[in-house]
Amino acid sequence: MKKAIRLAALAGAVFASLAFAGSALASFSPKLVVSSATPQATGSGPTRIGVVVSNADDPTAKVSIYVPAGYQLGTPAGGTKLGDVTATAAAADLGGAVLPLTGELDAIAPTAATNAAAAQCGVSPSQTWNLHLTAAGQSLDIPLFVVAGAAPEVAAGYQTKLVVCLPPPDVPVGTPGRATFGAKLLSASFTSSAIIQPVASGDYRWTSLWTPYNPGRGTVNAAGSVEVQSIRHLPTQVKLTVTKKKVTKTVRRKVNGKIRRVKVVSTVVRFSSTVSSNGATAASATIVTTAGGKKVGGASGSFVLKSGKSAVVKATAVVDSDSGSVPTGQTANPTADLFYHDLGQSGCVPTAIFRGLPCLDATIGGEIISATSTVKGYR
């Protein structure tokens with residue numbers, strides 16, 4: 001494992017002291033975003049996870065992401081690619097330039113280096129995954145540990161957590177364990193085929209515990225730890241209703257050189273669609289409807305089919321994507337980036353296992369879903 005990810009000793013630091021002062025929270029407001037890599041109504045499909053911190057926030061030392069009960073966790077063999085990763089980081093050694101990082105998430109066999117990193121991070125993992133990233137011609141490997149929940153965590157509904165510890169970016173150059181380029185994590189999103197969505201309907205609340213460094217010192221600020229959450233409403237789906245009506249008109253047309261009255265049949269198609277999240281109205285949804293690939297309206301409207309023609313009506317909904325997206329450092333992609341709806345602090349429900357730590361934010365992960373119906377016109 002590269003020198004860049006040699007970690008400052010974190011074992012026990014987060015829970016050594018959960019008493020905190022208001023000043024410890026002065027500049028640390030991360031976000032967690034959870035969605036699906038292949039949106040479906042319910043069950044199956046890999047999970048997509050994103051994190052965001054501000055460049056003005058204190059550097060992140062440790063993140064523990066708690067997977068709610070109902071999700072299935074696989075045990076992939078070492079060497080298995082689990083998904084793709086995008087990230088951004090501010091590089092102090094490059095004048096604060098924000099670097100885009102790309103790579104993949106892999107399951108790996110534990111090594112002496114990852115075992116040492118796990119011990120420094122204060123965890124005994126059941127699996128070791130690796131965020132293999134590249135930026136500016138350099139490679140960076142960050143171990144992501146899969147850890148079984150302790151008894152109180154399991155009782156709270158979290159059987160597994162994903163834990164990562166990061167090196168300090170803002171200590172003097174040459175300090176052992178300092179981050180490569182003095183790189184400070186700003187965002188990351190990754191897909192894991194080893195975390196499968198629940199089959200049962202419900203509201204699944206992911207939570208996470210974040211601990212910062214003391215700025216410029218490379219020491220862990222356990223008193224500055226905060227909780228942030230992300231909610232998955234399953235199933236989230238589009239209901240498309242399509243009706244048709246036969247319309248017959250008599251028109252005058254020239255037939256064989258003579259003006260005749262002929263009957264013309266057409267079909268008026270009316271459509272309407274709604275989005276629900278576990279049976280409730282979605283927090284945010286924008287719907288576009290197409291027929292034969294051409295836009296014919298929003299959530300509701302109508303269009304006309306000529307006699308005997310048919311069309312596939314498709315309602316596409318962009319759901320819970322109105323607040324922002326997890327930065328990738330790449331050109332914005334409205335169909336591929338991880339968007340979210342921000343519920344703010346009022347949507348964050350403190351978890352008892354964190355013993356009164358501030359619950360700062362909750363999001364709903366965005367997704368794009370659709371429903372189709374084929375309509376045959378009257379003759």
# chains A, B, ... in the order shown; residues from 1 in each chain; ligands from 1

call {"tool": "select_by_dssp", "arguments": {"residues": "segment 242-352 of chain A", "states": "strand (DSSP E or B)", "output": "short mmCIF file (atom, residue, chain, number, x, y, z; two decimals) with all heavy atoms, in the first residue's frame"}}
result
data_model
loop_
_atom_site.label_atom_id
_atom_site.label_comp_id
_atom_site.auth_asym_id
_atom_site.auth_seq_id
_atom_site.Cartn_x
_atom_site.Cartn_y
_atom_site.Cartn_z
N VAL A 242 -52.82 5.47 -19.63
CA VAL A 242 -53.04 5.88 -21.01
C VAL A 242 -54.45 5.46 -21.44
O VAL A 242 -54.85 4.31 -21.23
CB VAL A 242 -52.01 5.25 -21.97
CG1 VAL A 242 -52.30 5.64 -23.41
CG2 VAL A 242 -50.60 5.67 -21.58
N THR A 243 -55.20 6.39 -22.00
CA THR A 243 -56.53 6.09 -22.55
C THR A 243 -56.57 6.56 -24.00
O THR A 243 -55.78 7.41 -24.41
CB THR A 243 -57.64 6.78 -21.75
OG1 THR A 243 -57.46 8.19 -21.82
CG2 THR A 243 -57.63 6.32 -20.30
N LYS A 244 -57.52 5.99 -24.76
CA LYS A 244 -57.64 6.41 -26.16
C LYS A 244 -59.11 6.55 -26.54
O LYS A 244 -59.99 5.90 -25.97
CB LYS A 244 -56.95 5.42 -27.09
CG LYS A 244 -57.52 4.01 -27.07
CD LYS A 244 -56.72 3.10 -27.99
CE LYS A 244 -57.31 1.68 -28.03
NZ LYS A 244 -56.56 0.78 -28.93
N LYS A 245 -59.34 7.40 -27.53
CA LYS A 245 -60.70 7.66 -28.00
C LYS A 245 -60.69 7.73 -29.52
O LYS A 245 -59.86 8.41 -30.12
CB LYS A 245 -61.22 8.98 -27.41
CG LYS A 245 -62.63 9.34 -27.87
CD LYS A 245 -63.06 10.67 -27.26
CE LYS A 245 -64.46 11.05 -27.73
NZ LYS A 245 -64.90 12.35 -27.16
N LYS A 246 -61.65 7.02 -30.10
CA LYS A 246 -61.77 7.01 -31.56
C LYS A 246 -62.48 8.27 -32.03
O LYS A 246 -63.53 8.65 -31.50
CB LYS A 246 -62.54 5.78 -32.02
CG LYS A 246 -62.64 5.62 -33.53
CD LYS A 246 -63.35 4.32 -33.88
CE LYS A 246 -63.41 4.11 -35.39
NZ LYS A 246 -64.08 2.83 -35.73
N VAL A 247 -61.92 8.92 -33.02
CA VAL A 247 -62.52 10.14 -33.58
C VAL A 247 -62.71 9.92 -35.09
O VAL A 247 -61.76 9.57 -35.80
CB VAL A 247 -61.63 11.37 -33.33
CG1 VAL A 247 -62.24 12.61 -34.01
CG2 VAL A 247 -61.44 11.60 -31.83
N THR A 248 -63.95 10.11 -35.54
CA THR A 248 -64.24 9.96 -36.96
C THR A 248 -64.76 11.28 -37.51
O THR A 248 -65.68 11.88 -36.96
CB THR A 248 -65.30 8.87 -37.19
OG1 THR A 248 -64.85 7.64 -36.62
CG2 THR A 248 -65.56 8.67 -38.68
N LYS A 249 -64.11 11.71 -38.58
CA LYS A 249 -64.51 12.96 -39.22
C LYS A 249 -64.80 12.70 -40.70
O LYS A 249 -64.22 11.80 -41.32
CB LYS A 249 -63.41 14.01 -39.10
CG LYS A 249 -63.16 14.50 -37.69
CD LYS A 249 -62.09 15.58 -37.70
CE LYS A 249 -61.84 16.11 -36.29
NZ LYS A 249 -60.79 17.18 -36.29
N THR A 250 -65.72 13.49 -41.24
CA THR A 250 -65.99 13.43 -42.68
C THR A 250 -65.36 14.64 -43.33
O THR A 250 -65.62 15.78 -42.94
CB THR A 250 -67.50 13.40 -42.95
OG1 THR A 250 -68.07 12.25 -42.31
CG2 THR A 250 -67.78 13.31 -44.45
N VAL A 251 -64.54 14.37 -44.33
CA VAL A 251 -63.85 15.46 -45.01
C VAL A 251 -64.08 15.33 -46.52
O VAL A 251 -64.45 14.28 -47.03
CB VAL A 251 -62.34 15.44 -44.70
CG1 VAL A 251 -62.10 15.61 -43.22
CG2 VAL A 251 -61.71 14.16 -45.20
N ARG A 252 -63.88 16.41 -47.21
CA ARG A 252 -64.02 16.42 -48.67
C ARG A 252 -62.64 16.26 -49.29
O ARG A 252 -61.71 17.01 -48.99
CB ARG A 252 -64.65 17.74 -49.12
CG ARG A 252 -66.08 17.91 -48.62
CD ARG A 252 -66.59 19.31 -48.89
NE ARG A 252 -66.69 19.56 -50.33
CZ ARG A 252 -67.76 19.27 -51.08
NH1 ARG A 252 -68.82 18.69 -50.51
NH2 ARG A 252 -67.78 19.54 -52.37
N ARG A 253 -62.52 15.22 -50.14
CA ARG A 253 -61.26 14.95 -50.79
C ARG A 253 -61.49 14.65 -52.27
O ARG A 253 -62.56 14.17 -52.67
CB ARG A 253 -60.55 13.76 -50.14
CG ARG A 253 -59.96 14.07 -48.78
CD ARG A 253 -59.20 12.90 -48.23
NE ARG A 253 -58.59 13.21 -46.94
CZ ARG A 253 -57.98 12.31 -46.18
NH1 ARG A 253 -57.91 11.04 -46.58
NH2 ARG A 253 -57.46 12.66 -45.03
N LYS A 254 -60.47 14.90 -53.03
CA LYS A 254 -60.52 14.62 -54.45
C LYS A 254 -60.12 13.17 -54.68
O LYS A 254 -59.01 12.77 -54.37
CB LYS A 254 -59.60 15.56 -55.21
CG LYS A 254 -59.85 15.60 -56.71
CD LYS A 254 -59.02 16.69 -57.35
CE LYS A 254 -59.37 16.86 -58.82
NZ LYS A 254 -58.59 17.96 -59.43
N VAL A 255 -61.07 12.37 -55.21
CA VAL A 255 -60.81 10.96 -55.47
C VAL A 255 -61.12 10.68 -56.93
O VAL A 255 -62.26 10.90 -57.39
CB VAL A 255 -61.68 10.06 -54.56
CG1 VAL A 255 -61.39 8.59 -54.86
CG2 VAL A 255 -61.44 10.37 -53.09
N LYS A 258 -62.68 13.48 -58.74
CA LYS A 258 -63.96 14.00 -58.26
C LYS A 258 -63.87 14.29 -56.76
O LYS A 258 -63.18 13.59 -56.02
CB LYS A 258 -65.08 13.00 -58.51
CG LYS A 258 -65.35 12.75 -59.99
CD LYS A 258 -66.51 11.79 -60.17
CE LYS A 258 -66.79 11.54 -61.66
NZ LYS A 258 -67.93 10.62 -61.84
N ILE A 259 -64.58 15.30 -56.32
CA ILE A 259 -64.63 15.64 -54.89
C ILE A 259 -65.63 14.73 -54.21
O ILE A 259 -66.81 14.68 -54.60
CB ILE A 259 -65.03 17.12 -54.68
CG1 ILE A 259 -64.00 18.04 -55.35
CG2 ILE A 259 -65.12 17.42 -53.18
CD1 ILE A 259 -62.61 17.91 -54.82
N ARG A 260 -65.15 14.01 -53.23
CA ARG A 260 -66.04 13.10 -52.49
C ARG A 260 -65.91 13.34 -50.99
O ARG A 260 -64.90 13.85 -50.51
CB ARG A 260 -65.67 11.65 -52.81
CG ARG A 260 -65.83 11.27 -54.29
CD ARG A 260 -65.47 9.81 -54.48
NE ARG A 260 -65.56 9.41 -55.88
CZ ARG A 260 -66.68 9.03 -56.48
NH1 ARG A 260 -67.80 9.02 -55.79
NH2 ARG A 260 -66.67 8.68 -57.77
N ARG A 261 -66.92 12.93 -50.30
CA ARG A 261 -66.91 12.99 -48.83
C ARG A 261 -66.42 11.64 -48.32
O ARG A 261 -66.99 10.59 -48.65
CB ARG A 261 -68.32 13.28 -48.29
CG ARG A 261 -68.84 14.66 -48.69
CD ARG A 261 -70.33 14.80 -48.37
NE ARG A 261 -70.59 14.72 -46.93
CZ ARG A 261 -70.51 15.73 -46.09
NH1 ARG A 261 -70.18 16.94 -46.54
NH2 ARG A 261 -70.78 15.58 -44.81
N VAL A 262 -65.34 11.68 -47.54
CA VAL A 262 -64.76 10.43 -47.01
C VAL A 262 -64.62 10.53 -45.50
O VAL A 262 -64.49 11.62 -44.93
CB VAL A 262 -63.39 10.14 -47.65
CG1 VAL A 262 -63.53 9.93 -49.15
CG2 VAL A 262 -62.41 11.27 -47.37
N LYS A 263 -64.64 9.36 -44.86
CA LYS A 263 -64.47 9.30 -43.41
C LYS A 263 -62.99 9.11 -43.07
O LYS A 263 -62.32 8.27 -43.68
CB LYS A 263 -65.29 8.15 -42.83
CG LYS A 263 -66.80 8.38 -42.88
CD LYS A 263 -67.52 7.23 -42.20
CE LYS A 263 -69.02 7.48 -42.19
NZ LYS A 263 -69.76 6.37 -41.53
N VAL A 264 -62.52 9.88 -42.11
CA VAL A 264 -61.14 9.78 -41.63
C VAL A 264 -61.16 9.42 -40.15
O VAL A 264 -61.79 10.12 -39.35
CB VAL A 264 -60.37 11.10 -41.85
CG1 VAL A 264 -58.95 11.00 -41.26
CG2 VAL A 264 -60.30 11.45 -43.32
N VAL A 265 -60.46 8.34 -39.82
CA VAL A 265 -60.41 7.87 -38.43
C VAL A 265 -59.06 8.24 -37.82
O VAL A 265 -58.01 8.03 -38.43
CB VAL A 265 -60.62 6.35 -38.35
CG1 VAL A 265 -60.46 5.86 -36.91
CG2 VAL A 265 -62.00 5.99 -38.88
N SER A 266 -59.09 8.77 -36.63
CA SER A 266 -57.87 9.03 -35.86
C SER A 266 -58.10 8.64 -34.41
O SER A 266 -59.24 8.32 -34.02
CB SER A 266 -57.46 10.51 -35.96
OG SER A 266 -58.46 11.34 -35.40
N THR A 267 -57.05 8.66 -33.64
CA THR A 267 -57.14 8.26 -32.23
C THR A 267 -56.54 9.35 -31.35
O THR A 267 -55.38 9.74 -31.54
CB THR A 267 -56.38 6.95 -31.97
OG1 THR A 267 -56.89 5.93 -32.84
CG2 THR A 267 -56.53 6.50 -30.52
N VAL A 268 -57.34 9.86 -30.43
CA VAL A 268 -56.84 10.81 -29.45
C VAL A 268 -56.35 10.02 -28.24
O VAL A 268 -57.11 9.26 -27.64
CB VAL A 268 -57.92 11.81 -29.02
CG1 VAL A 268 -57.39 12.72 -27.90
CG2 VAL A 268 -58.38 12.64 -30.21
N VAL A 269 -55.09 10.17 -27.93
CA VAL A 269 -54.48 9.46 -26.81
C VAL A 269 -54.24 10.45 -25.67
O VAL A 269 -53.61 11.49 -25.87
CB VAL A 269 -53.15 8.81 -27.23
CG1 VAL A 269 -52.53 8.07 -26.05
CG2 VAL A 269 -53.36 7.88 -28.41
N ARG A 270 -54.76 10.12 -24.51
CA ARG A 270 -54.54 10.94 -23.32
C ARG A 270 -53.69 10.15 -22.33
O ARG A 270 -53.87 8.94 -22.18
CB ARG A 270 -55.86 11.37 -22.68
CG ARG A 270 -56.65 12.36 -23.55
CD ARG A 270 -57.90 12.83 -22.83
NE ARG A 270 -58.55 13.92 -23.56
CZ ARG A 270 -59.39 13.74 -24.57
NH1 ARG A 270 -59.69 12.50 -24.95
NH2 ARG A 270 -59.93 14.78 -25.19
N PHE A 271 -52.77 10.86 -21.67
CA PHE A 271 -51.87 10.19 -20.74
C PHE A 271 -51.71 11.01 -19.48
O PHE A 271 -51.86 12.24 -19.48
CB PHE A 271 -50.48 9.97 -21.39
CG PHE A 271 -49.83 11.24 -21.86
CD1 PHE A 271 -49.05 12.02 -21.00
CD2 PHE A 271 -50.00 11.69 -23.16
CE1 PHE A 271 -48.46 13.19 -21.42
CE2 PHE A 271 -49.41 12.87 -23.60
CZ PHE A 271 -48.64 13.62 -22.73
N SER A 272 -51.42 10.31 -18.40
CA SER A 272 -51.09 10.97 -17.14
C SER A 272 -50.19 10.03 -16.34
O SER A 272 -50.30 8.81 -16.45
CB SER A 272 -52.34 11.33 -16.33
OG SER A 272 -53.04 10.15 -15.96
N SER A 273 -49.29 10.59 -15.56
CA SER A 273 -48.39 9.77 -14.78
C SER A 273 -48.07 10.45 -13.46
O SER A 273 -48.08 11.68 -13.34
CB SER A 273 -47.10 9.48 -15.56
OG SER A 273 -46.51 10.68 -16.03
N THR A 274 -47.80 9.62 -12.47
CA THR A 274 -47.43 10.09 -11.13
C THR A 274 -46.26 9.26 -10.63
O THR A 274 -46.03 8.13 -11.08
CB THR A 274 -48.60 9.97 -10.13
OG1 THR A 274 -49.03 8.59 -10.09
CG2 THR A 274 -49.75 10.85 -10.54
N VAL A 275 -45.52 9.82 -9.68
CA VAL A 275 -44.39 9.13 -9.07
C VAL A 275 -44.69 8.93 -7.59
O VAL A 275 -45.12 9.86 -6.90
CB VAL A 275 -43.08 9.92 -9.23
CG1 VAL A 275 -41.93 9.21 -8.51
CG2 VAL A 275 -42.75 10.11 -10.70
N SER A 276 -44.45 7.72 -7.11
CA SER A 276 -44.62 7.44 -5.69
C SER A 276 -43.35 6.84 -5.12
O SER A 276 -42.60 6.15 -5.82
CB SER A 276 -45.79 6.48 -5.46
OG SER A 276 -45.53 5.23 -6.07
N SER A 277 -43.10 7.12 -3.85
CA SER A 277 -41.94 6.58 -3.14
C SER A 277 -42.46 5.83 -1.92
O SER A 277 -42.94 6.46 -0.97
CB SER A 277 -40.99 7.70 -2.73
OG SER A 277 -40.45 8.35 -3.87
N ALA A 280 -45.93 6.92 -1.03
CA ALA A 280 -46.15 8.35 -0.78
C ALA A 280 -45.69 9.16 -1.98
O ALA A 280 -44.95 8.69 -2.84
CB ALA A 280 -45.41 8.79 0.47
N THR A 281 -46.12 10.41 -2.03
CA THR A 281 -45.70 11.30 -3.11
C THR A 281 -44.20 11.57 -2.99
O THR A 281 -43.69 11.84 -1.90
CB THR A 281 -46.47 12.63 -3.04
OG1 THR A 281 -47.86 12.36 -3.15
CG2 THR A 281 -46.05 13.55 -4.16
N ALA A 285 -40.12 15.46 -8.28
CA ALA A 285 -40.16 14.65 -9.50
C ALA A 285 -40.50 15.54 -10.69
O ALA A 285 -41.41 16.37 -10.62
CB ALA A 285 -41.17 13.52 -9.38
N THR A 286 -39.77 15.36 -11.77
CA THR A 286 -40.05 16.02 -13.03
C THR A 286 -40.26 14.94 -14.08
O THR A 286 -39.41 14.06 -14.25
CB THR A 286 -38.89 16.93 -13.47
OG1 THR A 286 -38.67 17.92 -12.45
CG2 THR A 286 -39.20 17.62 -14.78
N ILE A 287 -41.41 15.00 -14.79
CA ILE A 287 -41.78 13.94 -15.73
C ILE A 287 -41.85 14.50 -17.14
O ILE A 287 -42.41 15.57 -17.37
CB ILE A 287 -43.14 13.32 -15.35
CG1 ILE A 287 -43.08 12.75 -13.93
CG2 ILE A 287 -43.54 12.24 -16.35
CD1 ILE A 287 -44.42 12.26 -13.41
N VAL A 288 -41.27 13.76 -18.07
CA VAL A 288 -41.38 14.06 -19.50
C VAL A 288 -41.97 12.84 -20.18
O VAL A 288 -41.54 11.71 -19.93
CB VAL A 288 -40.01 14.39 -20.12
CG1 VAL A 288 -40.12 14.51 -21.63
CG2 VAL A 288 -39.46 15.69 -19.53
N THR A 289 -42.96 13.07 -21.05
CA THR A 289 -43.62 11.97 -21.76
C THR A 289 -43.30 12.06 -23.24
O THR A 289 -43.37 13.14 -23.84
CB THR A 289 -45.14 12.00 -21.54
OG1 THR A 289 -45.42 11.97 -20.14
CG2 THR A 289 -45.81 10.81 -22.21
N THR A 290 -42.95 10.91 -23.81
CA THR A 290 -42.68 10.83 -25.25
C THR A 290 -43.59 9.78 -25.88
O THR A 290 -44.07 8.86 -25.22
CB THR A 290 -41.22 10.44 -25.52
OG1 THR A 290 -40.94 9.17 -24.91
CG2 THR A 290 -40.26 11.48 -24.98
N ALA A 291 -43.80 9.94 -27.18
CA ALA A 291 -44.54 8.96 -27.97
C ALA A 291 -43.74 8.73 -29.25
O ALA A 291 -43.47 9.68 -29.98
CB ALA A 291 -45.95 9.44 -28.30
N LYS A 294 -40.68 11.01 -29.53
CA LYS A 294 -40.83 12.46 -29.59
C LYS A 294 -41.61 12.96 -28.37
O LYS A 294 -42.59 12.35 -27.95
CB LYS A 294 -41.57 12.86 -30.86
CG LYS A 294 -40.82 12.52 -32.14
CD LYS A 294 -41.59 12.97 -33.37
CE LYS A 294 -40.82 12.66 -34.66
NZ LYS A 294 -41.56 13.09 -35.87
N LYS A 295 -41.16 14.09 -27.83
CA LYS A 295 -41.81 14.63 -26.65
C LYS A 295 -43.23 15.08 -26.97
O LYS A 295 -43.46 15.79 -27.94
CB LYS A 295 -41.01 15.82 -26.10
CG LYS A 295 -41.61 16.42 -24.83
CD LYS A 295 -40.76 17.56 -24.30
CE LYS A 295 -41.40 18.19 -23.07
NZ LYS A 295 -40.59 19.29 -22.51
N VAL A 296 -44.18 14.65 -26.14
CA VAL A 296 -45.59 15.04 -26.33
C VAL A 296 -46.16 15.75 -25.10
O VAL A 296 -47.32 16.17 -25.11
CB VAL A 296 -46.46 13.81 -26.67
CG1 VAL A 296 -46.11 13.27 -28.04
CG2 VAL A 296 -46.32 12.72 -25.60
N GLY A 297 -45.34 15.90 -24.04
CA GLY A 297 -45.84 16.61 -22.87
C GLY A 297 -45.06 16.28 -21.63
O GLY A 297 -44.02 15.61 -21.67
N SER A 300 -48.80 15.00 -17.89
CA SER A 300 -50.11 14.71 -18.48
C SER A 300 -50.25 15.47 -19.79
O SER A 300 -49.56 16.46 -20.03
CB SER A 300 -51.24 15.08 -17.52
OG SER A 300 -51.22 16.47 -17.24
N GLY A 301 -51.16 15.01 -20.62
CA GLY A 301 -51.40 15.67 -21.89
C GLY A 301 -52.07 14.73 -22.87
O GLY A 301 -52.63 13.68 -22.48
N SER A 302 -52.01 15.07 -24.15
CA SER A 302 -52.64 14.24 -25.17
C SER A 302 -51.94 14.45 -26.50
O SER A 302 -51.20 15.43 -26.70
CB SER A 302 -54.12 14.60 -25.31
OG SER A 302 -54.28 15.93 -25.76
N PHE A 303 -52.16 13.53 -27.40
CA PHE A 303 -51.67 13.64 -28.77
C PHE A 303 -52.58 12.81 -29.66
O PHE A 303 -53.44 12.06 -29.17
CB PHE A 303 -50.21 13.19 -28.90
CG PHE A 303 -49.97 11.74 -28.55
CD1 PHE A 303 -49.97 10.76 -29.54
CD2 PHE A 303 -49.74 11.35 -27.24
CE1 PHE A 303 -49.75 9.44 -29.23
CE2 PHE A 303 -49.51 10.02 -26.92
CZ PHE A 303 -49.52 9.06 -27.91
N VAL A 304 -52.41 12.93 -30.97
CA VAL A 304 -53.29 12.26 -31.93
C VAL A 304 -52.48 11.29 -32.77
O VAL A 304 -51.40 11.61 -33.28
CB VAL A 304 -53.99 13.29 -32.84
CG1 VAL A 304 -54.85 12.57 -33.89
CG2 VAL A 304 -54.84 14.24 -32.01
N LEU A 305 -53.04 10.07 -32.92
CA LEU A 305 -52.47 9.07 -33.81
C LEU A 305 -53.30 8.99 -35.07
O LEU A 305 -54.54 9.01 -35.02
CB LEU A 305 -52.47 7.69 -33.14
CG LEU A 305 -51.41 7.38 -32.08
CD1 LEU A 305 -51.66 6.00 -31.50
CD2 LEU A 305 -50.01 7.47 -32.66
N LYS A 306 -52.64 8.91 -36.20
CA LYS A 306 -53.36 8.72 -37.45
C LYS A 306 -53.92 7.31 -37.52
O LYS A 306 -53.50 6.41 -36.80
CB LYS A 306 -52.42 8.99 -38.63
CG LYS A 306 -51.99 10.43 -38.77
CD LYS A 306 -51.12 10.64 -39.99
CE LYS A 306 -50.72 12.10 -40.15
NZ LYS A 306 -49.86 12.30 -41.35
N SER A 310 -49.54 3.14 -34.46
CA SER A 310 -49.33 2.80 -33.06
C SER A 310 -48.10 3.55 -32.54
O SER A 310 -47.29 4.05 -33.33
CB SER A 310 -49.15 1.29 -32.87
OG SER A 310 -48.00 0.84 -33.55
N ALA A 311 -47.98 3.62 -31.23
CA ALA A 311 -46.85 4.33 -30.63
C ALA A 311 -46.57 3.79 -29.24
O ALA A 311 -47.49 3.34 -28.53
CB ALA A 311 -47.12 5.83 -30.57
N VAL A 312 -45.29 3.82 -28.86
CA VAL A 312 -44.91 3.49 -27.49
C VAL A 312 -44.87 4.78 -26.69
O VAL A 312 -44.12 5.71 -27.02
CB VAL A 312 -43.53 2.80 -27.45
CG1 VAL A 312 -43.10 2.58 -26.00
CG2 VAL A 312 -43.58 1.48 -28.21
N VAL A 313 -45.71 4.86 -25.68
CA VAL A 313 -45.76 6.03 -24.80
C VAL A 313 -44.82 5.74 -23.62
O VAL A 313 -44.93 4.70 -22.97
CB VAL A 313 -47.18 6.31 -24.30
CG1 VAL A 313 -47.20 7.54 -23.39
CG2 VAL A 313 -48.13 6.48 -25.48
N LYS A 314 -43.92 6.67 -23.35
CA LYS A 314 -42.94 6.49 -22.27
C LYS A 314 -42.92 7.70 -21.37
O LYS A 314 -42.73 8.82 -21.84
CB LYS A 314 -41.55 6.24 -22.85
CG LYS A 314 -40.48 5.97 -21.80
CD LYS A 314 -39.15 5.66 -22.45
CE LYS A 314 -38.08 5.33 -21.42
NZ LYS A 314 -36.77 5.02 -22.05
N ALA A 315 -43.14 7.47 -20.08
CA ALA A 315 -43.03 8.54 -19.07
C ALA A 315 -41.71 8.35 -18.33
O ALA A 315 -41.49 7.31 -17.70
CB ALA A 315 -44.20 8.48 -18.11
N THR A 316 -40.84 9.34 -18.43
CA THR A 316 -39.54 9.28 -17.76
C THR A 316 -39.53 10.31 -16.63
O THR A 316 -39.78 11.50 -16.86
CB THR A 316 -38.40 9.57 -18.74
OG1 THR A 316 -38.44 8.60 -19.80
CG2 THR A 316 -37.05 9.51 -18.05
N ALA A 317 -39.23 9.85 -15.43
CA ALA A 317 -39.25 10.72 -14.25
C ALA A 317 -37.86 10.88 -13.67
O ALA A 317 -37.16 9.90 -13.42
CB ALA A 317 -40.19 10.16 -13.19
N VAL A 318 -37.45 12.13 -13.49
CA VAL A 318 -36.22 12.45 -12.76
C VAL A 318 -36.66 12.74 -11.32
O VAL A 318 -37.33 13.74 -11.06
CB VAL A 318 -35.50 13.66 -13.38
CG1 VAL A 318 -34.25 14.00 -12.59
CG2 VAL A 318 -35.17 13.38 -14.84
N VAL A 319 -36.29 11.85 -10.42
CA VAL A 319 -36.84 11.86 -9.06
C VAL A 319 -35.79 12.28 -8.04
O VAL A 319 -34.63 11.81 -8.09
CB VAL A 319 -37.39 10.47 -8.70
CG1 VAL A 319 -38.11 10.51 -7.35
CG2 VAL A 319 -38.33 9.95 -9.79
N GLY A 324 -28.90 19.09 -6.01
CA GLY A 324 -27.51 19.12 -6.44
C GLY A 324 -27.04 17.73 -6.81
O GLY A 324 -27.82 16.78 -6.87
N SER A 325 -25.74 17.60 -7.07
CA SER A 325 -25.16 16.31 -7.42
C SER A 325 -23.79 16.18 -6.76
O SER A 325 -23.19 17.18 -6.36
CB SER A 325 -25.04 16.15 -8.94
OG SER A 325 -24.12 17.10 -9.46
N PHE A 339 -27.35 12.53 -8.31
CA PHE A 339 -28.07 13.71 -7.82
C PHE A 339 -28.79 13.37 -6.51
O PHE A 339 -28.90 12.20 -6.13
CB PHE A 339 -29.08 14.17 -8.87
CG PHE A 339 -28.45 14.85 -10.06
CD1 PHE A 339 -27.91 14.10 -11.10
CD2 PHE A 339 -28.40 16.24 -10.14
CE1 PHE A 339 -27.32 14.72 -12.20
CE2 PHE A 339 -27.82 16.86 -11.23
CZ PHE A 339 -27.28 16.11 -12.26
N TYR A 340 -29.29 14.42 -5.86
CA TYR A 340 -29.98 14.19 -4.59
C TYR A 340 -30.97 15.32 -4.29
O TYR A 340 -30.88 16.42 -4.84
CB TYR A 340 -28.99 14.06 -3.44
CG TYR A 340 -28.10 15.27 -3.22
CD1 TYR A 340 -28.49 16.32 -2.39
CD2 TYR A 340 -26.86 15.37 -3.86
CE1 TYR A 340 -27.68 17.43 -2.20
CE2 TYR A 340 -26.04 16.46 -3.67
CZ TYR A 340 -26.45 17.48 -2.85
OH TYR A 340 -25.65 18.58 -2.65
N HIS A 341 -31.90 15.00 -3.41
CA HIS A 341 -32.80 15.99 -2.81
C HIS A 341 -32.36 16.17 -1.36
O HIS A 341 -32.26 15.19 -0.61
CB HIS A 341 -34.25 15.50 -2.87
CG HIS A 341 -35.21 16.39 -2.14
ND1 HIS A 341 -35.68 17.58 -2.68
CD2 HIS A 341 -35.80 16.29 -0.92
CE1 HIS A 341 -36.51 18.15 -1.82
NE2 HIS A 341 -36.59 17.39 -0.75
N ASP A 342 -32.08 17.40 -0.97
CA ASP A 342 -31.55 17.68 0.37
C ASP A 342 -32.69 17.97 1.33
O ASP A 342 -33.46 18.91 1.13
CB ASP A 342 -30.58 18.85 0.31
CG ASP A 342 -29.62 18.86 1.48
OD1 ASP A 342 -29.94 18.24 2.52
OD2 ASP A 342 -28.53 19.45 1.36
#

call {"tool": "closest_atom_pairs", "arguments": {"of": "segment 192-226 of chain A", "to": "segment 140-153 of chain A", "cutoff": "12 Å", "atoms": "only C-alpha atoms", "output": "tab-separated table"}}
result
residue	atom	partner	partner_atom	distance
A:Ser192	CA	A:Leu144	CA	11.6
A:Ala194	CA	A:Val146	CA	10.8
A:Ile195	CA	A:Val146	CA	10.9
A:Thr207	CA	A:Glu153	CA	11.1
A:Ser208	CA	A:Glu153	CA	11.8

call {"tool": "residues_around", "arguments": {"residues": "Ala69 of chain A", "least_positions_apart": "2", "cutoff": "6 Å", "atoms": "only C-alpha atoms", "output": "mmCIF file with N, CA and C atoms, in the first residue's frame"}}
result
data_model
loop_
_atom_site.group_PDB
_atom_site.id
_atom_site.type_symbol
_atom_site.label_atom_id
_atom_site.label_comp_id
_atom_site.auth_asym_id
_atom_site.auth_seq_id
_atom_site.Cartn_x
_atom_site.Cartn_y
_atom_site.Cartn_z
ATOM 1 N N TYR A 71 -30.658 -4.692 3.365
ATOM 2 C CA TYR A 71 -29.710 -4.773 2.265
ATOM 3 C C TYR A 71 -28.915 -6.083 2.383
ATOM 4 N N GLY A 157 -30.342 -1.587 14.052
ATOM 5 C CA GLY A 157 -30.736 -1.887 12.685
ATOM 6 C C GLY A 157 -29.616 -1.796 11.673
ATOM 7 N N TYR A 158 -28.355 -1.834 12.142
ATOM 8 C CA TYR A 158 -27.206 -1.735 11.246
ATOM 9 C C TYR A 158 -26.254 -2.902 11.501
#
